[in-house]
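Shown next: run04.cif, containing mmCIF, C-alpha atoms and all ligand atoms.
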data_model
loop_
_atom_site.label_atom_id
_atom_site.label_comp_id
_atom_site.auth_asym_id
_atom_site.auth_seq_id
_atom_site.Cartn_x
_atom_site.Cartn_y
_atom_site.Cartn_z
CA MET A 1 0.00 0.00 0.00
CA ILE A 2 1.51 3.31 -1.11
CA VAL A 3 -0.22 6.40 0.28
CA ILE A 4 0.63 10.04 -0.43
CA LEU A 5 -0.58 12.72 1.97
CA LEU A 6 -0.79 16.12 0.32
CA GLY A 7 -1.75 19.42 1.90
CA PRO A 8 -0.35 22.76 3.00
CA PRO A 9 2.13 23.10 5.84
CA GLY A 10 0.33 22.53 9.13
CA SER A 11 -2.57 20.60 7.60
CA GLY A 12 -1.70 17.68 9.88
CA LYS A 13 0.13 15.37 7.44
CA GLY A 14 2.81 14.39 9.95
CA THR A 15 0.37 13.93 12.84
CA GLN A 16 -1.88 11.69 10.76
CA ALA A 17 0.92 9.72 9.09
CA ASP A 18 2.32 8.92 12.52
CA LYS A 19 -1.05 7.52 13.60
CA ILE A 20 -1.99 5.59 10.46
CA LYS A 21 1.44 3.97 10.10
CA LYS A 22 0.62 1.91 13.22
CA ILE A 23 -2.78 0.91 11.85
CA LEU A 24 -1.48 -0.02 8.37
CA ASN A 25 1.87 -1.32 9.66
CA ILE A 26 3.89 0.51 7.03
CA PRO A 27 6.54 3.22 7.58
CA HIS A 28 5.94 6.96 7.57
CA ILE A 29 8.42 8.71 5.28
CA SER A 30 8.68 12.44 5.91
CA THR A 31 11.24 14.31 3.81
CA GLY A 32 11.04 17.17 6.35
CA ASP A 33 11.99 14.80 9.21
CA ILE A 34 14.82 13.26 7.15
CA LEU A 35 16.19 16.73 6.36
CA ARG A 36 15.95 17.91 9.98
CA GLU A 37 17.79 14.76 11.07
CA SER A 38 20.51 15.44 8.46
CA ILE A 39 20.90 19.00 9.79
CA LYS A 40 21.16 17.68 13.36
CA LYS A 41 23.92 15.29 12.30
CA GLY A 42 25.72 18.04 10.33
CA SER A 43 25.77 15.87 7.19
CA PRO A 44 26.49 17.38 3.73
CA ILE A 45 22.80 17.04 2.77
CA GLY A 46 21.83 18.85 5.97
CA GLU A 47 24.29 21.66 5.18
CA LYS A 48 22.80 22.07 1.69
CA ALA A 49 19.21 21.96 2.97
CA LYS A 50 19.54 24.29 5.96
CA GLN A 51 19.26 27.68 4.27
CA HIS A 52 16.35 26.66 2.05
CA MET A 53 14.41 25.34 5.03
CA GLN A 54 15.09 28.33 7.27
CA SER A 55 13.85 30.73 4.59
CA GLY A 56 10.70 28.69 3.93
CA GLY A 57 11.80 27.71 0.41
CA LEU A 58 12.09 24.24 -1.09
CA VAL A 59 15.24 22.12 -1.02
CA PRO A 60 16.40 21.37 -4.61
CA ASP A 61 14.63 18.47 -6.31
CA ASP A 62 17.79 16.44 -7.01
CA ILE A 63 18.61 16.21 -3.29
CA ILE A 64 15.06 15.25 -2.35
CA ILE A 65 14.64 12.68 -5.12
CA GLU A 66 17.91 10.98 -4.12
CA ILE A 67 16.72 10.84 -0.47
CA ILE A 68 13.47 9.16 -1.53
CA LYS A 69 15.22 6.81 -3.94
CA GLN A 70 17.39 5.52 -1.09
CA ARG A 71 14.67 5.47 1.55
CA ILE A 72 12.08 3.45 -0.38
CA THR A 73 14.57 0.66 -0.98
CA GLY A 74 14.64 0.03 2.80
CA ALA A 75 13.51 -3.45 3.88
CA ASP A 76 10.74 -1.87 5.99
CA CYS A 77 9.16 -0.49 2.78
CA LYS A 78 8.48 -3.89 1.22
CA ASN A 79 4.75 -3.71 2.04
CA GLY A 80 4.44 -0.04 1.17
CA PHE A 81 4.83 3.35 2.85
CA ILE A 82 3.16 6.65 3.62
CA LEU A 83 4.72 9.70 1.97
CA ASP A 84 4.39 12.97 3.90
CA GLY A 85 5.84 16.14 2.38
CA PHE A 86 6.86 14.39 -0.84
CA PRO A 87 6.28 14.97 -3.71
CA ARG A 88 6.17 18.76 -3.54
CA THR A 89 6.84 19.69 -7.16
CA ILE A 90 5.83 18.29 -10.54
CA ASN A 91 9.46 17.22 -11.06
CA GLN A 92 9.39 15.22 -7.83
CA ALA A 93 6.04 13.63 -8.76
CA SER A 94 7.30 12.49 -12.15
CA ALA A 95 10.55 11.20 -10.61
CA LEU A 96 8.44 9.18 -8.18
CA ASP A 97 6.45 7.71 -11.07
CA VAL A 98 9.70 6.57 -12.70
CA LEU A 99 11.05 5.11 -9.44
CA LEU A 100 7.84 3.18 -8.76
CA LYS A 101 7.53 1.95 -12.35
CA GLY A 102 11.07 0.57 -12.08
CA LYS A 103 9.90 -1.51 -9.12
CA SER A 104 6.53 -2.46 -10.70
CA LEU A 105 4.75 -0.54 -7.93
CA LYS A 106 1.92 1.96 -8.07
CA ILE A 107 0.45 4.65 -5.88
CA ASP A 108 -2.71 3.37 -4.15
CA LYS A 109 -4.09 6.54 -2.60
CA VAL A 110 -3.40 10.26 -2.80
CA ILE A 111 -5.22 12.18 -0.08
CA ASN A 112 -5.30 15.94 0.09
CA MET A 113 -5.77 17.45 3.54
CA ASP A 114 -7.64 20.67 2.97
CA VAL A 115 -7.49 23.46 5.59
CA ASP A 116 -7.58 27.22 5.34
CA ASP A 117 -4.67 29.53 6.13
CA LYS A 118 -6.06 30.76 9.44
CA ILE A 119 -6.04 27.21 10.83
CA VAL A 120 -2.59 26.54 9.35
CA ILE A 121 -1.14 29.55 11.14
CA GLU A 122 -2.77 28.68 14.44
CA ARG A 123 -1.60 25.07 14.23
CA ILE A 124 1.96 25.80 13.18
CA SER A 125 2.54 28.63 15.61
CA GLY A 126 1.42 26.36 18.47
CA ARG A 127 3.46 23.37 17.34
CA ARG A 128 6.26 22.11 19.57
CA THR A 129 8.62 19.38 18.37
CA CYS A 130 10.71 16.95 20.41
CA ARG A 131 14.47 17.47 20.14
CA GLY A 132 15.01 13.75 20.65
CA CYS A 133 12.49 11.76 18.61
CA GLY A 134 10.85 14.52 16.52
CA THR A 135 7.30 13.89 17.79
CA ASN A 136 5.02 16.89 17.22
CA TYR A 137 2.70 18.39 19.83
CA HIS A 138 0.44 21.42 19.92
CA ILE A 139 0.32 23.64 22.99
CA LYS A 140 -3.50 23.72 22.87
CA TYR A 141 -4.77 20.84 20.70
CA ASN A 142 -2.26 18.11 21.46
CA PRO A 143 -0.23 19.07 24.54
CA PRO A 144 2.28 16.73 26.21
CA ALA A 145 1.40 15.41 29.68
CA LYS A 146 4.21 17.54 31.19
CA GLU A 147 4.84 21.00 29.77
CA ASN A 148 7.74 21.08 27.27
CA VAL A 149 8.66 17.42 27.83
CA CYS A 150 8.12 14.69 25.22
CA ASP A 151 5.70 11.95 26.35
CA LYS A 152 7.56 9.37 24.28
CA CYS A 153 11.24 9.96 25.09
CA GLY A 154 11.35 12.58 27.85
CA LYS A 155 13.45 15.07 25.85
CA GLU A 156 12.80 18.81 25.64
CA LEU A 157 10.31 20.31 23.15
CA TYR A 158 11.27 23.25 20.92
CA GLN A 159 9.74 25.49 18.27
CA ARG A 160 11.08 24.77 14.75
CA ASP A 161 13.02 27.67 13.18
CA ASP A 162 10.63 27.63 10.21
CA ASP A 163 7.56 27.78 12.48
CA LYS A 164 7.93 31.54 13.07
CA ILE A 165 5.10 33.58 11.58
CA GLU A 166 7.01 35.20 8.66
CA THR A 167 8.44 31.86 7.57
CA ILE A 168 5.03 30.19 7.79
CA LYS A 169 3.63 32.83 5.42
CA GLN A 170 6.49 32.20 2.99
CA ARG A 171 5.92 28.43 3.17
CA LEU A 172 2.27 29.01 2.26
CA VAL A 173 3.32 31.12 -0.75
CA VAL A 174 5.70 28.36 -1.87
CA TYR A 175 3.00 25.73 -1.33
CA ARG A 176 0.58 27.60 -3.62
CA LYS A 177 3.22 28.20 -6.28
CA GLU A 178 4.94 24.79 -6.39
CA THR A 179 2.85 22.14 -4.66
CA HIS A 180 -0.82 22.97 -5.15
CA VAL A 181 -0.51 22.00 -8.85
CA LEU A 182 -0.07 18.39 -7.72
CA LEU A 183 -3.83 18.25 -7.16
CA ASP A 184 -4.14 18.53 -10.92
CA TYR A 185 -1.24 16.12 -11.54
CA TYR A 186 -3.03 13.47 -9.46
CA LYS A 187 -6.56 14.48 -10.52
CA GLU A 188 -7.53 10.91 -11.49
CA ILE A 189 -6.84 9.50 -8.02
CA VAL A 190 -6.71 12.33 -5.49
CA ILE A 191 -9.37 12.52 -2.76
CA SER A 192 -9.73 15.70 -0.69
CA ILE A 193 -10.87 15.71 2.91
CA LYS A 194 -11.64 18.65 5.16
CA ALA A 195 -8.84 18.52 7.72
CA ASP A 196 -10.26 21.08 10.13
CA LYS A 197 -11.77 18.60 12.60
CA GLY A 198 -10.21 16.96 15.65
CA ILE A 199 -7.17 14.74 15.21
CA ASP A 200 -8.94 11.41 15.92
CA LYS A 201 -11.89 12.20 13.63
CA ILE A 202 -9.50 12.89 10.77
CA THR A 203 -7.64 9.63 11.43
CA ASP A 204 -10.96 7.73 11.21
CA SER A 205 -11.79 9.40 7.87
CA LEU A 206 -8.34 8.66 6.48
CA VAL A 207 -8.33 5.03 7.54
CA SER A 208 -11.75 4.41 6.05
CA LEU A 209 -10.72 6.11 2.79
CA ILE A 210 -7.50 4.12 2.61
CA LYS A 211 -9.25 0.83 3.28
CA THR A 212 -11.90 1.45 0.62
CA ASN A 213 -11.03 -0.38 -2.57
CA ASP A 214 -11.82 1.82 -5.53
P1 LIG B 301 7.98 19.60 6.34
O1 LIG B 301 8.54 19.19 7.61
O2 LIG B 301 7.48 18.59 5.38
O3 LIG B 301 6.90 20.73 6.62
P2 LIG B 301 5.46 21.01 5.95
O4 LIG B 301 5.04 20.24 4.78
O5 LIG B 301 5.50 22.46 5.78
O6 LIG B 301 4.50 20.45 6.95
P3 LIG B 301 4.51 20.65 8.44
O7 LIG B 301 5.46 19.68 9.09
O8 LIG B 301 4.68 22.10 8.79
O9 LIG B 301 2.98 20.32 8.78
P4 LIG B 301 2.14 18.99 8.79
O10 LIG B 301 1.14 19.05 7.69
O11 LIG B 301 2.98 17.76 8.89
O12 LIG B 301 1.36 19.25 10.15
P5 LIG B 301 1.57 18.60 11.60
O13 LIG B 301 0.98 17.23 11.62
O14 LIG B 301 2.96 18.77 12.10
O15 LIG B 301 9.05 20.46 5.53
C1 LIG B 301 9.83 21.47 6.14
C2 LIG B 301 10.76 22.07 5.09
O16 LIG B 301 11.65 21.05 4.57
C3 LIG B 301 10.08 22.64 3.86
O17 LIG B 301 9.64 23.97 4.06
C4 LIG B 301 11.21 22.54 2.81
O18 LIG B 301 12.16 23.55 3.00
C5 LIG B 301 11.87 21.22 3.17
N1 LIG B 301 11.28 20.08 2.45
C6 LIG B 301 10.63 19.01 3.01
N2 LIG B 301 10.22 18.18 2.05
C7 LIG B 301 10.60 18.73 0.87
C8 LIG B 301 10.41 18.33 -0.49
N3 LIG B 301 9.75 17.21 -0.82
N4 LIG B 301 10.93 19.13 -1.44
C9 LIG B 301 11.61 20.26 -1.14
N5 LIG B 301 11.80 20.70 0.12
C10 LIG B 301 11.29 19.93 1.12
O19 LIG B 301 0.58 19.55 12.45
C11 LIG B 301 0.91 20.90 12.70
C12 LIG B 301 0.48 21.27 14.13
O20 LIG B 301 -0.94 21.18 14.23
C13 LIG B 301 1.03 20.34 15.22
O21 LIG B 301 1.30 21.11 16.35
C14 LIG B 301 -0.12 19.35 15.49
O22 LIG B 301 -0.10 18.87 16.83
C15 LIG B 301 -1.34 20.23 15.23
N6 LIG B 301 -2.46 19.49 14.64
C16 LIG B 301 -2.41 18.52 13.68
N7 LIG B 301 -3.63 18.10 13.35
C17 LIG B 301 -4.51 18.85 14.10
C18 LIG B 301 -5.92 18.88 14.23
N8 LIG B 301 -6.71 18.08 13.49
N9 LIG B 301 -6.48 19.76 15.10
C19 LIG B 301 -5.69 20.59 15.86
N10 LIG B 301 -4.33 20.59 15.81
C20 LIG B 301 -3.74 19.72 14.94
#
Just give me the structure as structure tokens.
Amino acid sequence: MIVILLGPPGSGKGTQADKIKKILNIPHISTGDILRESIKKGSPIGEKAKQHMQSGGLVPDDIIIEIIKQRITGADCKNGFILDGFPRTINQASALDVLLKGKSLKIDKVINMDVDDKIVIERISGRRTCRGCGTNYHIKYNPPAKENVCDKCGKELYQRDDDKIETIKQRLVVYRKETHVLLDYYKEIVISIKADKGIDKITDSLVSLIKTND
């Protein structure tokens, strides 16, 4: 099962992918998480990605496509995977088509998480991320049991550099310019859901959509 979650920054792609991966028993692949991990390690990819991410722009396609090419060959991907934050450009989408064709695989579901900008800004500005395991929280909608401490690994929570208001606005501009066109690219298979409800309600909708065979 190969599932792509599309949607603007802050639509809840990461939160939902983290929940449905346990239900479907397939890995959650987030290019944003992979890049943040590369920056933390100080790797060459992290060095190249840093500036683009901090300014709210996109990391060049060749870097991202190579990351995905490597990641989907992992043994844990043999039964499929959930893509979150990839593809983000037409170039990335066509590269994915080529990669999957080479493995005789196909995309099963493309789901667009539709929310308006006001919600995006409220969600992202309240997001806190764990320095250790990367789990996301929200100070109001999904708070940790103990303030600023990750429920899963006990490490400190922080606000991502690109979660400041000016950068969020820039990420929305980039989303509209580069990524929104993917709705047309995937028009034969994409399904849009309103992603402005509570986290668990959205998970239920996603799981039922994913499990429907059509
Ligand atoms: P990335 O990390 O992918 O960021 P993004 O797509 O902008 O998405 P976000 O992580 O901001 O949001 P999300 O939709 O996952 O929402 P979340 O579940 O966290 O990318 C970061 C950067 O890396 C990019 O700007 C770019 O520079 C680079 N990059 C990454 N991939 C790339 C690619 N393919 N090509 C080029 N560059 C790339 O939820 C947000 C908050 O809301 C959380 O606090 C959460 O707790 C809360 N929340 C979630 N759902 C709900 C709900 N239903 N109700 C209330 N609160 C909720």
If you count all atoms listed in the file, which residues end up within 7 Å of ligand LIG 301 (chain B), as a PyMOL selection string? chain A and resi 7-16+30-33+35+52-53+56-61+64+84-88+123-124+126-128+136-138+141-142+171+195-199+202
Store the residues picked out above, limited to C-alpha atoms, as a PDB file, in the coordinates of the input.
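Saved file again_14.pdb follows:
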ATOM      1  CA  GLY A   7      -1.750  19.420   1.900  1.00  0.00           C
ATOM      2  CA  PRO A   8      -0.350  22.760   3.000  1.00  0.00           C
ATOM      3  CA  PRO A   9       2.130  23.100   5.840  1.00  0.00           C
ATOM      4  CA  GLY A  10       0.330  22.530   9.130  1.00  0.00           C
ATOM      5  CA  SER A  11      -2.570  20.600   7.600  1.00  0.00           C
ATOM      6  CA  GLY A  12      -1.700  17.680   9.880  1.00  0.00           C
ATOM      7  CA  LYS A  13       0.130  15.370   7.440  1.00  0.00           C
ATOM      8  CA  GLY A  14       2.810  14.390   9.950  1.00  0.00           C
ATOM      9  CA  THR A  15       0.370  13.930  12.840  1.00  0.00           C
ATOM     10  CA  GLN A  16      -1.880  11.690  10.760  1.00  0.00           C
ATOM     11  CA  SER A  30       8.680  12.440   5.910  1.00  0.00           C
ATOM     12  CA  THR A  31      11.240  14.310   3.810  1.00  0.00           C
ATOM     13  CA  GLY A  32      11.040  17.170   6.350  1.00  0.00           C
ATOM     14  CA  ASP A  33      11.990  14.800   9.210  1.00  0.00           C
ATOM     15  CA  LEU A  35      16.190  16.730   6.360  1.00  0.00           C
ATOM     16  CA  HIS A  52      16.350  26.660   2.050  1.00  0.00           C
ATOM     17  CA  MET A  53      14.410  25.340   5.030  1.00  0.00           C
ATOM     18  CA  GLY A  56      10.700  28.690   3.930  1.00  0.00           C
ATOM     19  CA  GLY A  57      11.800  27.710   0.410  1.00  0.00           C
ATOM     20  CA  LEU A  58      12.090  24.240  -1.090  1.00  0.00           C
ATOM     21  CA  VAL A  59      15.240  22.120  -1.020  1.00  0.00           C
ATOM     22  CA  PRO A  60      16.400  21.370  -4.610  1.00  0.00           C
ATOM     23  CA  ASP A  61      14.630  18.470  -6.310  1.00  0.00           C
ATOM     24  CA  ILE A  64      15.060  15.250  -2.350  1.00  0.00           C
ATOM     25  CA  ASP A  84       4.390  12.970   3.900  1.00  0.00           C
ATOM     26  CA  GLY A  85       5.840  16.140   2.380  1.00  0.00           C
ATOM     27  CA  PHE A  86       6.860  14.390  -0.840  1.00  0.00           C
ATOM     28  CA  PRO A  87       6.280  14.970  -3.710  1.00  0.00           C
ATOM     29  CA  ARG A  88       6.170  18.760  -3.540  1.00  0.00           C
ATOM     30  CA  ARG A 123      -1.600  25.070  14.230  1.00  0.00           C
ATOM     31  CA  ILE A 124       1.960  25.800  13.180  1.00  0.00           C
ATOM     32  CA  GLY A 126       1.420  26.360  18.470  1.00  0.00           C
ATOM     33  CA  ARG A 127       3.460  23.370  17.340  1.00  0.00           C
ATOM     34  CA  ARG A 128       6.260  22.110  19.570  1.00  0.00           C
ATOM     35  CA  ASN A 136       5.020  16.890  17.220  1.00  0.00           C
ATOM     36  CA  TYR A 137       2.700  18.390  19.830  1.00  0.00           C
ATOM     37  CA  HIS A 138       0.440  21.420  19.920  1.00  0.00           C
ATOM     38  CA  TYR A 141      -4.770  20.840  20.700  1.00  0.00           C
ATOM     39  CA  ASN A 142      -2.260  18.110  21.460  1.00  0.00           C
ATOM     40  CA  ARG A 171       5.920  28.430   3.170  1.00  0.00           C
ATOM     41  CA  ALA A 195      -8.840  18.520   7.720  1.00  0.00           C
ATOM     42  CA  ASP A 196     -10.260  21.080  10.130  1.00  0.00           C
ATOM     43  CA  LYS A 197     -11.770  18.600  12.600  1.00  0.00           C
ATOM     44  CA  GLY A 198     -10.210  16.960  15.650  1.00  0.00           C
ATOM     45  CA  ILE A 199      -7.170  14.740  15.210  1.00  0.00           C
ATOM     46  CA  ILE A 202      -9.500  12.890  10.770  1.00  0.00           C
TER      47      ILE A 202
END
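Taking all atoms listed in the file, the non-local environment of Met1 of chain A within 8 Å (same-chain residues fewer than 6 positions away omitted) comprises Asn79, Gly80, Phe81, Ile107 and Asp108 of chain A.
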By how many Å are atom CA of Asn25 of chain A and atom CA of Gly46 of chain A apart?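 Calculated distance between atom CA of Asn25 of chain A and atom CA of Gly46 of chain A is 28.6 Å.
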Any idea what the distance is between atom CA of Asp204 of chain A and atom CA of Tyr175 of chain A?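 About the pair atom CA of Asp204 of chain A and atom CA of Tyr175 of chain A: they are 26.0 Å apart.
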Using all atoms listed in the file, find all polymer residues with an atom at most 12 Å away from the point (-1.9, 19.6, -5.9); report them as a PDB file with C-alpha atoms, in the coordinates of the input.
ATOM      1  CA  ILE A   4       0.630  10.040  -0.430  1.00  0.00           C
ATOM      2  CA  LEU A   5      -0.580  12.720   1.970  1.00  0.00           C
ATOM      3  CA  LEU A   6      -0.790  16.120   0.320  1.00  0.00           C
ATOM      4  CA  GLY A   7      -1.750  19.420   1.900  1.00  0.00           C
ATOM      5  CA  PRO A   8      -0.350  22.760   3.000  1.00  0.00           C
ATOM      6  CA  GLY A  85       5.840  16.140   2.380  1.00  0.00           C
ATOM      7  CA  PHE A  86       6.860  14.390  -0.840  1.00  0.00           C
ATOM      8  CA  PRO A  87       6.280  14.970  -3.710  1.00  0.00           C
ATOM      9  CA  ARG A  88       6.170  18.760  -3.540  1.00  0.00           C
ATOM     10  CA  THR A  89       6.840  19.690  -7.160  1.00  0.00           C
ATOM     11  CA  ILE A  90       5.830  18.290 -10.540  1.00  0.00           C
ATOM     12  CA  ALA A  93       6.040  13.630  -8.760  1.00  0.00           C
ATOM     13  CA  VAL A 110      -3.400  10.260  -2.800  1.00  0.00           C
ATOM     14  CA  ILE A 111      -5.220  12.180  -0.080  1.00  0.00           C
ATOM     15  CA  ASN A 112      -5.300  15.940   0.090  1.00  0.00           C
ATOM     16  CA  MET A 113      -5.770  17.450   3.540  1.00  0.00           C
ATOM     17  CA  ASP A 114      -7.640  20.670   2.970  1.00  0.00           C
ATOM     18  CA  TYR A 175       3.000  25.730  -1.330  1.00  0.00           C
ATOM     19  CA  ARG A 176       0.580  27.600  -3.620  1.00  0.00           C
ATOM     20  CA  LYS A 177       3.220  28.200  -6.280  1.00  0.00           C
ATOM     21  CA  GLU A 178       4.940  24.790  -6.390  1.00  0.00           C
ATOM     22  CA  THR A 179       2.850  22.140  -4.660  1.00  0.00           C
ATOM     23  CA  HIS A 180      -0.820  22.970  -5.150  1.00  0.00           C
ATOM     24  CA  VAL A 181      -0.510  22.000  -8.850  1.00  0.00           C
ATOM     25  CA  LEU A 182      -0.070  18.390  -7.720  1.00  0.00           C
ATOM     26  CA  LEU A 183      -3.830  18.250  -7.160  1.00  0.00           C
ATOM     27  CA  ASP A 184      -4.140  18.530 -10.920  1.00  0.00           C
ATOM     28  CA  TYR A 185      -1.240  16.120 -11.540  1.00  0.00           C
ATOM     29  CA  TYR A 186      -3.030  13.470  -9.460  1.00  0.00           C
ATOM     30  CA  LYS A 187      -6.560  14.480 -10.520  1.00  0.00           C
ATOM     31  CA  GLU A 188      -7.530  10.910 -11.490  1.00  0.00           C
ATOM     32  CA  ILE A 189      -6.840   9.500  -8.020  1.00  0.00           C
ATOM     33  CA  VAL A 190      -6.710  12.330  -5.490  1.00  0.00           C
ATOM     34  CA  ILE A 191      -9.370  12.520  -2.760  1.00  0.00           C
ATOM     35  CA  SER A 192      -9.730  15.700  -0.690  1.00  0.00           C
TER      36      SER A 192
END
What is the distance between atom CA of Ile23 of chain A and atom CA of Val207 of chain A, in Å to one decimal?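 These two atoms are separated by 8.1 Å.
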Please tell me which residues are no farther than 10 Å from (8.0, 24.1, 30.9) in the file, counting all atoms listed in the file, and write them as a list in words. Lys146, Glu147, Asn148, Val149, Glu156 and Leu157 of chain A
Which residues, written as a list in words, have at least one atom at most 9 Å from Ile65 of chain A, with only C-alpha atoms counted and residues fewer than 6 positions away on the same chain left out?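 Near Ile65 of chain A, the qualifying residues are Pro87, Gln92, Ala95 and Leu96 of chain A.
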Could all heavy atoms be built for segment 185-193 of chain A and written out as an mmCIF file, keeping the file's coordinate frame?
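Below is the file that was written, part19.cif:
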data_model
loop_
_atom_site.group_PDB
_atom_site.id
_atom_site.type_symbol
_atom_site.label_atom_id
_atom_site.label_comp_id
_atom_site.auth_asym_id
_atom_site.auth_seq_id
_atom_site.Cartn_x
_atom_site.Cartn_y
_atom_site.Cartn_z
ATOM 1 N N TYR A 185 -2.081 17.240 -11.085
ATOM 2 C CA TYR A 185 -1.240 16.120 -11.540
ATOM 3 C C TYR A 185 -1.878 14.763 -11.174
ATOM 4 O O TYR A 185 -1.866 13.827 -11.944
ATOM 5 C CB TYR A 185 0.158 16.256 -10.904
ATOM 6 C CG TYR A 185 1.168 15.246 -11.395
ATOM 7 C CD1 TYR A 185 1.966 15.508 -12.513
ATOM 8 C CD2 TYR A 185 1.326 14.017 -10.753
ATOM 9 C CE1 TYR A 185 2.899 14.584 -12.960
ATOM 10 C CE2 TYR A 185 2.253 13.088 -11.204
ATOM 11 C CZ TYR A 185 3.041 13.379 -12.307
ATOM 12 O OH TYR A 185 3.960 12.461 -12.751
ATOM 13 N N TYR A 186 -2.438 14.723 -9.943
ATOM 14 C CA TYR A 186 -3.030 13.470 -9.460
ATOM 15 C C TYR A 186 -4.557 13.454 -9.596
ATOM 16 O O TYR A 186 -5.237 12.726 -8.868
ATOM 17 C CB TYR A 186 -2.654 13.249 -7.985
ATOM 18 C CG TYR A 186 -1.196 12.924 -7.765
ATOM 19 C CD1 TYR A 186 -0.394 13.734 -6.974
ATOM 20 C CD2 TYR A 186 -0.609 11.789 -8.330
ATOM 21 C CE1 TYR A 186 0.953 13.433 -6.752
ATOM 22 C CE2 TYR A 186 0.726 11.487 -8.120
ATOM 23 C CZ TYR A 186 1.498 12.306 -7.327
ATOM 24 O OH TYR A 186 2.815 11.990 -7.117
ATOM 25 N N LYS A 187 -5.097 14.288 -10.510
ATOM 26 C CA LYS A 187 -6.560 14.480 -10.520
ATOM 27 C C LYS A 187 -7.362 13.183 -10.679
ATOM 28 O O LYS A 187 -8.482 13.088 -10.197
ATOM 29 C CB LYS A 187 -6.988 15.527 -11.543
ATOM 30 C CG LYS A 187 -6.696 15.201 -12.986
ATOM 31 C CD LYS A 187 -7.257 16.320 -13.875
ATOM 32 C CE LYS A 187 -7.094 16.045 -15.325
ATOM 33 N NZ LYS A 187 -5.756 16.291 -15.868
ATOM 34 N N GLU A 188 -6.780 12.165 -11.311
ATOM 35 C CA GLU A 188 -7.530 10.910 -11.490
ATOM 36 C C GLU A 188 -7.695 10.136 -10.176
ATOM 37 O O GLU A 188 -8.615 9.336 -10.043
ATOM 38 C CB GLU A 188 -6.787 9.959 -12.474
ATOM 39 C CG GLU A 188 -6.401 10.581 -13.802
ATOM 40 C CD GLU A 188 -7.611 10.947 -14.650
ATOM 41 O OE1 GLU A 188 -8.693 10.403 -14.387
ATOM 42 O OE2 GLU A 188 -7.470 11.792 -15.551
ATOM 43 N N ILE A 189 -6.767 10.336 -9.234
ATOM 44 C CA ILE A 189 -6.840 9.500 -8.020
ATOM 45 C C ILE A 189 -6.946 10.276 -6.710
ATOM 46 O O ILE A 189 -7.210 9.682 -5.667
ATOM 47 C CB ILE A 189 -5.638 8.515 -7.920
ATOM 48 C CG1 ILE A 189 -4.299 9.242 -8.128
ATOM 49 C CG2 ILE A 189 -5.786 7.343 -8.848
ATOM 50 C CD1 ILE A 189 -3.094 8.357 -7.785
ATOM 51 N N VAL A 190 -6.751 11.598 -6.770
ATOM 52 C CA VAL A 190 -6.710 12.330 -5.490
ATOM 53 C C VAL A 190 -8.108 12.439 -4.857
ATOM 54 O O VAL A 190 -9.107 12.585 -5.546
ATOM 55 C CB VAL A 190 -6.075 13.730 -5.671
ATOM 56 C CG1 VAL A 190 -6.979 14.662 -6.446
ATOM 57 C CG2 VAL A 190 -5.704 14.351 -4.333
ATOM 58 N N ILE A 191 -8.137 12.319 -3.520
ATOM 59 C CA ILE A 191 -9.370 12.520 -2.760
ATOM 60 C C ILE A 191 -9.075 13.615 -1.735
ATOM 61 O O ILE A 191 -8.069 13.531 -1.025
ATOM 62 C CB ILE A 191 -9.792 11.231 -2.009
ATOM 63 C CG1 ILE A 191 -9.961 10.074 -2.987
ATOM 64 C CG2 ILE A 191 -11.077 11.454 -1.207
ATOM 65 C CD1 ILE A 191 -10.040 8.718 -2.325
ATOM 66 N N SER A 192 -9.945 14.621 -1.671
ATOM 67 C CA SER A 192 -9.730 15.700 -0.690
ATOM 68 C C SER A 192 -10.612 15.486 0.520
ATOM 69 O O SER A 192 -11.778 15.103 0.382
ATOM 70 C CB SER A 192 -10.082 17.052 -1.304
ATOM 71 O OG SER A 192 -8.991 17.553 -2.029
ATOM 72 N N ILE A 193 -10.038 15.728 1.699
ATOM 73 C CA ILE A 193 -10.870 15.710 2.910
ATOM 74 C C ILE A 193 -10.717 17.035 3.640
ATOM 75 O O ILE A 193 -9.645 17.646 3.578
ATOM 76 C CB ILE A 193 -10.523 14.541 3.867
ATOM 77 C CG1 ILE A 193 -9.077 14.667 4.391
ATOM 78 C CG2 ILE A 193 -10.724 13.189 3.232
ATOM 79 C CD1 ILE A 193 -8.870 13.947 5.693
#
